[in-house]
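Enquirer: Sharing entry_35.cif (mmCIF, C-alpha atoms) below.
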```cif
data_structure
#
loop_
_atom_site.label_atom_id
_atom_site.label_comp_id
_atom_site.auth_asym_id
_atom_site.auth_seq_id
_atom_site.Cartn_x
_atom_site.Cartn_y
_atom_site.Cartn_z
CA MET A 1 11.67 3.48 2.73
CA ARG A 2 11.12 6.84 1.07
CA GLN A 3 11.46 7.07 -2.68
CA PHE A 4 10.76 9.67 -5.33
CA VAL A 5 8.31 8.67 -8.06
CA SER A 6 9.48 10.28 -11.30
CA SER A 7 7.26 10.81 -14.33
CA THR A 8 10.33 10.99 -16.59
CA ASN A 9 13.32 8.77 -17.29
CA PRO A 10 16.90 10.01 -16.98
CA ASP A 11 18.02 11.84 -20.13
CA LYS A 12 20.95 10.72 -22.31
CA ASN A 13 23.33 12.17 -19.73
CA GLY A 14 21.68 10.29 -16.87
CA LEU A 15 20.04 13.42 -15.43
CA ILE A 16 16.56 14.02 -14.05
CA VAL A 17 15.45 17.62 -13.44
CA VAL A 18 12.79 18.08 -10.76
CA GLU A 19 10.70 21.27 -10.58
CA GLY A 20 7.43 22.71 -9.24
CA LYS A 21 5.63 20.94 -6.39
CA ASP A 22 8.20 18.17 -6.41
CA PHE A 23 10.90 20.73 -5.64
CA ARG A 24 9.04 21.68 -2.44
CA TYR A 25 8.83 17.98 -1.55
CA PHE A 26 12.59 17.68 -1.95
CA ARG A 27 13.41 20.76 0.10
CA GLN A 28 10.70 20.80 2.77
CA VAL A 29 9.99 17.09 3.30
CA LEU A 30 13.14 15.22 2.32
CA ARG A 31 15.40 18.18 3.14
CA LEU A 32 17.96 17.05 0.60
CA ASN A 33 21.30 18.68 0.06
CA THR A 34 23.85 18.45 -2.74
CA GLY A 35 25.59 15.09 -2.62
CA ASP A 36 22.73 13.22 -0.94
CA MET A 37 21.63 9.85 -2.34
CA LEU A 38 18.00 9.21 -3.29
CA SER A 39 16.12 6.17 -4.60
CA VAL A 40 13.98 7.08 -7.63
CA ARG A 41 11.17 5.01 -9.13
CA ILE A 42 11.22 5.65 -12.90
CA PRO A 43 8.19 5.12 -15.21
CA ASP A 44 9.03 1.51 -16.09
CA GLY A 45 8.84 0.60 -12.39
CA GLN A 46 12.58 0.19 -11.87
CA LEU A 47 14.12 1.61 -8.71
CA VAL A 48 17.40 3.43 -9.37
CA ASN A 49 19.90 5.23 -7.19
CA THR A 50 20.60 8.90 -7.86
CA THR A 51 22.74 11.63 -6.39
CA VAL A 52 21.60 15.22 -5.88
CA CYS A 53 24.13 17.02 -8.04
CA LYS A 54 22.57 20.50 -8.18
CA ILE A 55 19.98 22.53 -6.26
CA ASP A 56 18.81 25.86 -7.69
CA ASP A 57 16.63 27.62 -5.10
CA LYS A 58 16.04 30.58 -7.41
CA LYS A 59 14.69 28.45 -10.26
CA HIS A 60 13.12 25.97 -7.83
CA SER A 61 14.78 22.99 -9.47
CA VAL A 62 16.79 19.98 -8.38
CA THR A 63 19.02 17.97 -10.71
CA LEU A 64 19.55 14.27 -10.00
CA GLN A 65 22.38 12.22 -11.45
CA PHE A 66 21.75 8.52 -12.12
CA CYS A 67 24.21 6.21 -10.32
CA ASP A 68 25.00 2.80 -11.79
CA THR A 69 25.15 0.94 -8.47
CA GLN A 70 24.29 -2.66 -7.67
CA ASP A 71 22.20 -2.29 -4.52
CA SER A 72 19.09 -0.67 -6.02
CA ALA A 73 17.34 -4.01 -6.51
CA GLU A 74 17.90 -4.93 -2.87
CA ASN A 75 15.63 -2.09 -1.78
CA GLN A 76 12.76 -3.10 -4.02
CA SER A 77 9.71 -4.74 -2.53
CA SER A 78 9.16 -8.20 -3.99
CA PHE A 79 5.76 -9.22 -2.61
CA THR A 80 3.81 -7.98 -5.63
CA GLN A 81 5.69 -10.30 -7.97
CA THR A 82 3.57 -13.27 -6.89
CA CYS A 83 0.08 -11.73 -6.81
CA GLU A 84 -1.75 -8.63 -8.02
CA PHE A 85 -4.44 -7.22 -5.74
CA TYR A 86 -7.54 -5.34 -6.90
CA LEU A 87 -9.77 -3.38 -4.52
CA PHE A 88 -13.39 -2.94 -5.59
CA GLN A 89 -14.47 -0.23 -3.18
CA PHE A 90 -18.13 0.77 -2.98
CA ALA A 91 -17.81 4.55 -3.15
CA ALA A 92 -17.32 6.19 0.23
CA LYS A 93 -17.68 9.88 1.02
CA GLY A 94 -14.90 12.22 -0.12
CA GLN A 95 -12.26 12.22 2.62
CA LYS A 96 -12.91 8.59 3.50
CA MET A 97 -12.34 7.59 -0.12
CA ASP A 98 -9.11 9.61 -0.15
CA LEU A 99 -7.89 7.71 2.92
CA ILE A 100 -8.84 4.34 1.43
CA ILE A 101 -6.91 5.16 -1.75
CA ARG A 102 -3.86 6.28 0.22
CA GLN A 103 -3.80 3.17 2.41
CA ALA A 104 -4.49 0.77 -0.46
CA THR A 105 -1.58 2.32 -2.36
CA GLU A 106 0.73 1.90 0.63
CA CYS A 107 -0.30 -1.77 0.73
CA GLY A 108 0.66 -2.24 -2.93
CA VAL A 109 -2.80 -2.69 -4.46
CA SER A 110 -2.59 -2.66 -8.27
CA ALA A 111 -5.96 -1.04 -8.99
CA ILE A 112 -8.75 0.59 -7.01
CA ILE A 113 -12.15 0.42 -8.65
CA PRO A 114 -14.85 2.71 -7.17
CA VAL A 115 -18.26 1.03 -7.38
CA THR A 116 -21.68 2.67 -7.11
CA GLY A 117 -24.05 0.77 -4.85
CA GLU A 118 -27.54 0.78 -3.42
CA PHE A 119 -26.30 2.00 -0.03
CA CYS A 120 -23.84 4.57 -1.40
CA GLN A 121 -24.65 8.26 -1.10
CA ALA A 122 -26.49 9.30 -4.26
CA GLY A 123 -24.09 10.83 -6.78
CA ALA A 124 -21.16 10.72 -4.35
CA ALA A 125 -18.90 8.66 -6.58
CA GLU A 126 -19.23 10.88 -9.64
CA LYS A 127 -19.12 14.09 -7.60
CA ASN A 128 -16.01 13.15 -5.64
CA PHE A 129 -14.06 11.49 -8.45
CA LYS A 130 -11.08 13.73 -9.11
CA ALA A 131 -8.40 12.01 -11.16
CA GLU A 132 -5.75 14.66 -10.55
CA ARG A 133 -6.33 14.55 -6.80
CA TYR A 134 -6.19 10.76 -6.72
CA ASP A 135 -2.96 10.79 -8.75
CA ARG A 136 -1.40 13.13 -6.19
CA ILE A 137 -2.54 10.97 -3.28
CA ILE A 138 -1.12 7.86 -4.96
CA LYS A 139 2.22 9.53 -5.69
CA GLU A 140 2.56 10.76 -2.10
CA ALA A 141 1.66 7.32 -0.73
CA ARG A 142 4.14 5.54 -3.00
CA GLN A 143 6.91 7.95 -2.07
CA GLN A 144 6.20 7.48 1.63
CA SER A 145 5.88 3.69 1.53
CA GLY A 146 8.37 2.81 -1.19
CA SER A 147 5.75 0.77 -3.05
CA PRO A 148 6.96 -0.47 -6.46
CA VAL A 149 3.37 -0.88 -7.65
CA ASN A 150 2.02 1.77 -10.02
CA THR A 151 -1.40 1.90 -8.34
CA ARG A 152 -4.22 3.37 -10.40
CA VAL A 153 -7.81 4.42 -9.73
CA GLU A 154 -10.28 3.37 -12.40
CA LYS A 155 -13.41 5.26 -13.37
CA THR A 156 -16.47 4.66 -11.20
CA MET A 157 -18.44 1.59 -12.25
CA SER A 158 -21.75 -0.10 -11.55
CA PRO A 159 -21.60 -3.53 -9.88
CA GLU A 160 -22.36 -5.11 -13.26
CA ASP A 161 -19.52 -3.23 -14.97
CA ALA A 162 -17.20 -4.12 -12.09
CA LEU A 163 -17.88 -7.80 -12.74
CA GLU A 164 -17.06 -7.33 -16.42
CA TYR A 165 -13.86 -5.53 -15.45
CA TRP A 166 -12.80 -8.45 -13.28
CA LYS A 167 -13.59 -10.89 -16.07
CA SER A 168 -11.28 -8.92 -18.36
CA VAL A 169 -8.52 -9.11 -15.74
CA CYS A 170 -8.98 -12.89 -15.59
CA GLN A 171 -9.32 -13.44 -19.33
CA ASP A 172 -6.30 -15.75 -19.51
CA GLY A 173 -8.40 -18.28 -17.59
CA SER A 174 -5.50 -19.77 -15.64
CA GLY A 175 -7.67 -20.54 -12.63
CA SER A 176 -5.30 -18.72 -10.27
CA GLU A 177 -7.67 -15.80 -9.60
CA MET A 178 -9.36 -15.46 -6.21
CA ALA A 179 -12.28 -13.08 -5.69
CA CYS A 180 -13.86 -12.32 -2.33
CA VAL A 181 -16.37 -9.84 -0.98
CA LEU A 182 -16.07 -8.70 2.62
CA TYR A 183 -19.49 -9.10 4.22
CA GLU A 184 -20.64 -7.92 7.64
CA ARG A 185 -23.16 -10.75 7.97
CA SER A 186 -21.99 -14.25 8.80
CA GLU A 187 -24.64 -16.36 7.06
CA LYS A 188 -23.64 -18.05 3.80
CA THR A 189 -20.04 -16.89 4.14
CA THR A 190 -16.77 -18.77 4.41
CA SER A 191 -13.48 -18.15 6.17
CA LEU A 192 -10.68 -16.42 4.33
CA HIS A 193 -8.20 -19.24 4.84
CA LYS A 194 -10.68 -21.86 3.69
CA LEU A 195 -11.24 -19.89 0.48
CA ALA A 196 -7.53 -19.29 -0.15
CA GLY A 197 -6.77 -22.93 0.58
CA GLN A 198 -8.84 -23.99 -2.43
CA PHE A 199 -6.24 -22.54 -4.80
CA GLU A 200 -2.92 -24.14 -5.60
CA GLN A 201 -1.59 -20.72 -6.62
CA ILE A 202 -3.10 -17.22 -6.51
CA LYS A 203 -1.75 -14.73 -9.04
CA LYS A 204 -4.61 -12.23 -8.98
CA CYS A 205 -6.93 -11.39 -6.12
CA ALA A 206 -10.04 -9.20 -6.00
CA ILE A 207 -11.33 -7.72 -2.74
CA VAL A 208 -14.77 -6.08 -2.56
CA CYS A 209 -15.46 -3.73 0.34
CA GLY A 210 -18.69 -1.89 1.10
CA ALA A 211 -19.27 1.81 1.72
CA GLU A 212 -20.71 3.37 4.89
CA GLY A 213 -24.01 1.52 4.51
CA GLY A 214 -22.47 -1.79 3.51
CA ILE A 215 -23.51 -3.93 0.56
CA SER A 216 -27.12 -4.88 -0.13
CA PRO A 217 -28.23 -8.55 -0.23
CA GLN A 218 -29.09 -8.11 -3.91
CA GLU A 219 -25.57 -6.89 -4.66
CA ILE A 220 -24.08 -9.77 -2.69
CA GLU A 221 -26.12 -12.19 -4.78
CA LEU A 222 -24.98 -10.46 -7.98
CA LEU A 223 -21.35 -10.72 -6.91
CA GLN A 224 -21.76 -14.37 -5.95
CA ASN A 225 -23.19 -15.15 -9.36
CA GLY A 226 -20.14 -13.41 -10.83
CA GLY A 227 -17.71 -15.68 -8.99
CA PHE A 228 -17.08 -13.69 -5.80
CA THR A 229 -17.17 -15.54 -2.48
CA PRO A 230 -18.56 -13.73 0.62
CA VAL A 231 -16.03 -13.72 3.46
CA HIS A 232 -16.82 -12.75 7.04
CA PHE A 233 -14.27 -11.65 9.65
CA ASP A 234 -15.21 -12.44 13.25
CA THR A 235 -14.35 -9.01 14.61
CA ASN A 236 -15.93 -5.72 15.67
CA ILE A 237 -18.09 -3.53 13.45
CA LEU A 238 -15.64 -1.48 11.38
CA ARG A 239 -15.95 1.83 9.57
CA CYS A 240 -15.67 1.45 5.81
CA GLU A 241 -12.23 3.04 5.66
CA THR A 242 -11.04 0.75 8.47
CA ALA A 243 -12.67 -2.29 6.87
CA ALA A 244 -10.86 -1.67 3.58
CA LEU A 245 -7.42 -1.54 5.21
CA TYR A 246 -8.24 -4.47 7.53
CA GLY A 247 -9.49 -6.51 4.60
CA ILE A 248 -6.51 -5.77 2.35
CA ALA A 249 -4.06 -6.65 5.12
CA ALA A 250 -5.87 -9.88 6.04
CA VAL A 251 -6.23 -11.04 2.44
CA GLN A 252 -2.63 -10.19 1.56
CA SER A 253 -1.32 -12.08 4.58
CA ALA A 254 -3.47 -15.13 3.81
CA VAL A 255 -2.52 -15.17 0.13
CA LEU A 256 1.16 -14.30 0.33
CA GLU A 257 1.84 -16.59 3.29
CA LYS A 258 -0.35 -19.43 2.06
CA ASN A 259 2.52 -21.88 1.77
CA LEU A 260 3.48 -21.23 5.39
CA TRP A 261 0.11 -21.75 7.05
CA GLN A 262 -0.93 -24.59 4.73
CA SER A 263 2.20 -26.56 5.60
CA LYS A 264 1.20 -26.49 9.28
CA GLU A 265 -2.33 -27.77 8.76
#
```
Take the structure I supplied and represent it as structure tokens, if you would.
Expert:
Amino acid sequence: MRQFVSSTNPDKNGLIVVEGKDFRYFRQVLRLNTGDMLSVRIPDGQLVNTTVCKIDDKKHSVTLQFCDTQDSAENQSSFTQTCEFYLFQFAAKGQKMDLIIRQATECGVSAIIPVTGEFCQAGAAEKNFKAERYDRIIKEARQQSGSPVNTRVEKTMSPEDALEYWKSVCQDGSGSEMACVLYERSEKTTSLHKLAGQFEQIKKCAIVCGAEGGISPQEIELLQNGGFTPVHFDTNILRCETAALYGIAAVQSAVLEKNLWQSKE
């Protein structure tokens, strides 16, 4: 479901004025006309229905009128209400990192944390980190997928800082936080379902994925000491951008459908 992600709320008259690059998105991608209906995600995360009430091609602006209808909530995705997902991605090269961010956003990941690693290209993370570019990628992905999650990309961190970040996420200490690291080697790993089955409820989930060169044994040990469990998928050798999407999808399915597969065991 397409949606428009607005950086502003409707004004006192229930109007939202769209200009600039967003105008081109309306006219060239959505091809909207006066009177068309459009779902808009406003800053507080709510999905509202609007009507295109005015298009000014000379000023390159579109005016949307808020509609007080009852079916907006029916279009909202509800899967993120039960669990927040965090992707700790060892920094991949430029275009690969862009793709990972786009796909993670479409999957409804709450935060993407680039991590510098032993096998990452030297200086790649800092060189390629472009907040404005990432914001644009996230907005486009949310509009395409209809994701209600306000995905964000954090500043690049060391593995040690990434562990501290995860600790801050889990500071309430409820015990409903699962953390796994996707590992290409099979020794000293566990299955995803066995790990997920150890939790009565999972409200927050961290997924660590390596870059092109993978994750070093020393980094795996560091992550293990920080509470992350190595998980191995019995599949082919995957590129890092494929592994990230594969991992997110597998973990989300295992976590969000846990009650279904546990009841059959």
Enquirer: Please list as a PyMOL selection string every residue within 10 Å of range 1-18 of chain A, counting all atoms listed in the file and excluding residues in the same chain fewer than 2 positions away.
Expert: chain A and resi 20-26+30+38-45+47-55+60-68+75-77+138-148+150
Enquirer: What is the CA of Gln198 in chain A-CA of Asn225 in chain A distance in Å, reported with one decimal?
Expert: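 According to the coordinates, CA of Gln198 in chain A and CA of Asn225 in chain A are separated by 18.2 Å.
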Enquirer: Neighbourhood query: residues within 10 Å of (-10.5, -3.4, -6.1), file coordinates, counting all atoms listed in the file; return as a VMD selection string.
Expert: chain A and resid 85 to 90 104 109 to 115 153 to 154 162 166 179 205 to 209 244 248
Enquirer: Return the single residue from A:Gln28, A:Thr235, A:Thr82, A:Gln95 that is closest to Glu177 in chain A, with distances computed using all atoms listed in the file.
Expert: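 With all atoms listed in the file as the atom set, the closest residue is A:Thr82.
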Enquirer: Grab the CA of Ile100 in chain A to CA of Asn236 in chain A distance for me, in Å with one decimal place.
Expert: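 Pair CA of Ile100 in chain A / CA of Asn236 in chain A returns 18.8 Å.
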Enquirer: For each of A:Met157, A:Asp57, A:Gln252, A:Tyr183, take the minimum atom-to-atom distance to Glu19 in chain A, counting only C-alpha atoms, then give the residue where this is smallest.
Expert: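 Of all the options, A:Asp57 lies closest to Glu19 in chain A.
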Enquirer: In Å, with one decimal, what is the gap from CA of Gly210 in chain A to CA of Cys240 in chain A?
Expert: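 So the answer is 6.5 Å.
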Enquirer: Going by the chain IDs and residue numbers used in this file, which residues fall under the PyMOL selection byres ((chain A and resi 220) around 12)? Write them as a VMD selection string.
Expert: chain A and resid 117 to 118 159 to 160 163 180 to 185 187 to 189 208 to 210 214 to 219 221 to 231
Enquirer: Could you check the closest approach to Ala254 in chain A for each of A:Ser174, A:Ser191, A:Ser186, A:Thr242 and tell me which residue wins, using all atoms listed in the file?
Expert: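 The closest residue to Ala254 in chain A is A:Ser191.
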Enquirer: Taking all atoms listed in the file into account, which of A:Gly247, A:Gly108, A:Gly94, A:Gly35 comes nearest Leu192 in chain A?
Expert: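 Checking each of A:Gly247, A:Gly108, A:Gly94, A:Gly35 against Leu192 in chain A, counting all atoms listed in the file, the winner is A:Gly247.
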Enquirer: Select, from A:Gly197, A:Cys120, A:Met97, A:Thr156, the residue with the minimum atom-to-atom distance to Arg133 in chain A, counting only C-alpha atoms.
Expert: A:Met97
Enquirer: Once you've located range 170-220 of chain A in the structure I gave, write it as an mmCIF file, in the first residue's frame, keeping C-alpha atoms.
Expert:
```cif
data_model
loop_
_atom_site.group_PDB
_atom_site.id
_atom_site.type_symbol
_atom_site.label_atom_id
_atom_site.label_comp_id
_atom_site.auth_asym_id
_atom_site.auth_seq_id
_atom_site.Cartn_x
_atom_site.Cartn_y
_atom_site.Cartn_z
ATOM 1 C CA CYS A 170 17.068 -3.062 27.004
ATOM 2 C CA GLN A 171 17.480 -0.924 30.116
ATOM 3 C CA ASP A 172 14.006 -1.754 31.428
ATOM 4 C CA GLY A 173 15.318 -5.278 32.039
ATOM 5 C CA SER A 174 12.041 -7.034 31.281
ATOM 6 C CA GLY A 175 13.780 -10.111 29.915
ATOM 7 C CA SER A 176 11.792 -9.973 26.671
ATOM 8 C CA GLU A 177 14.754 -8.928 24.505
ATOM 9 C CA MET A 178 16.284 -11.396 22.049
ATOM 10 C CA ALA A 179 19.662 -10.737 20.422
ATOM 11 C CA CYS A 180 21.180 -12.873 17.682
ATOM 12 C CA VAL A 181 24.142 -12.621 15.341
ATOM 13 C CA LEU A 182 23.921 -14.264 11.932
ATOM 14 C CA TYR A 183 27.048 -16.371 11.497
ATOM 15 C CA GLU A 184 28.247 -18.161 8.374
ATOM 16 C CA ARG A 185 29.984 -20.885 10.385
ATOM 17 C CA SER A 186 27.959 -23.630 12.022
ATOM 18 C CA GLU A 187 30.108 -24.443 15.051
ATOM 19 C CA LYS A 188 28.918 -23.152 18.424
ATOM 20 C CA THR A 189 25.692 -21.813 16.930
ATOM 21 C CA THR A 190 22.050 -22.599 17.592
ATOM 22 C CA SER A 191 18.920 -22.689 15.487
ATOM 23 C CA LEU A 192 16.737 -19.620 15.269
ATOM 24 C CA HIS A 193 13.617 -21.392 16.506
ATOM 25 C CA LYS A 194 15.452 -22.940 19.440
ATOM 26 C CA LEU A 195 16.646 -19.483 20.480
ATOM 27 C CA ALA A 196 13.238 -17.839 20.055
ATOM 28 C CA GLY A 197 11.579 -20.695 21.903
ATOM 29 C CA GLN A 198 13.500 -19.795 25.064
ATOM 30 C CA PHE A 199 11.466 -16.592 25.451
ATOM 31 C CA GLU A 200 7.910 -16.432 26.692
ATOM 32 C CA GLN A 201 7.506 -13.086 24.929
ATOM 33 C CA ILE A 202 9.814 -11.069 22.662
ATOM 34 C CA LYS A 203 9.247 -7.314 22.612
ATOM 35 C CA LYS A 204 12.626 -6.232 21.230
ATOM 36 C CA CYS A 205 14.916 -8.130 18.899
ATOM 37 C CA ALA A 206 18.450 -7.363 17.710
ATOM 38 C CA ILE A 207 19.874 -8.866 14.525
ATOM 39 C CA VAL A 208 23.589 -8.593 13.718
ATOM 40 C CA CYS A 209 24.663 -9.121 10.113
ATOM 41 C CA GLY A 210 28.200 -9.067 8.729
ATOM 42 C CA ALA A 211 29.619 -7.065 5.835
ATOM 43 C CA GLU A 212 31.211 -8.478 2.670
ATOM 44 C CA GLY A 213 33.981 -10.203 4.629
ATOM 45 C CA GLY A 214 31.743 -11.468 7.401
ATOM 46 C CA ILE A 215 32.396 -11.133 11.126
ATOM 47 C CA SER A 216 35.702 -12.079 12.725
ATOM 48 C CA PRO A 217 35.893 -14.786 15.442
ATOM 49 C CA GLN A 218 37.044 -12.121 17.906
ATOM 50 C CA GLU A 219 33.978 -10.009 17.161
ATOM 51 C CA ILE A 220 31.717 -13.044 17.514
#
```
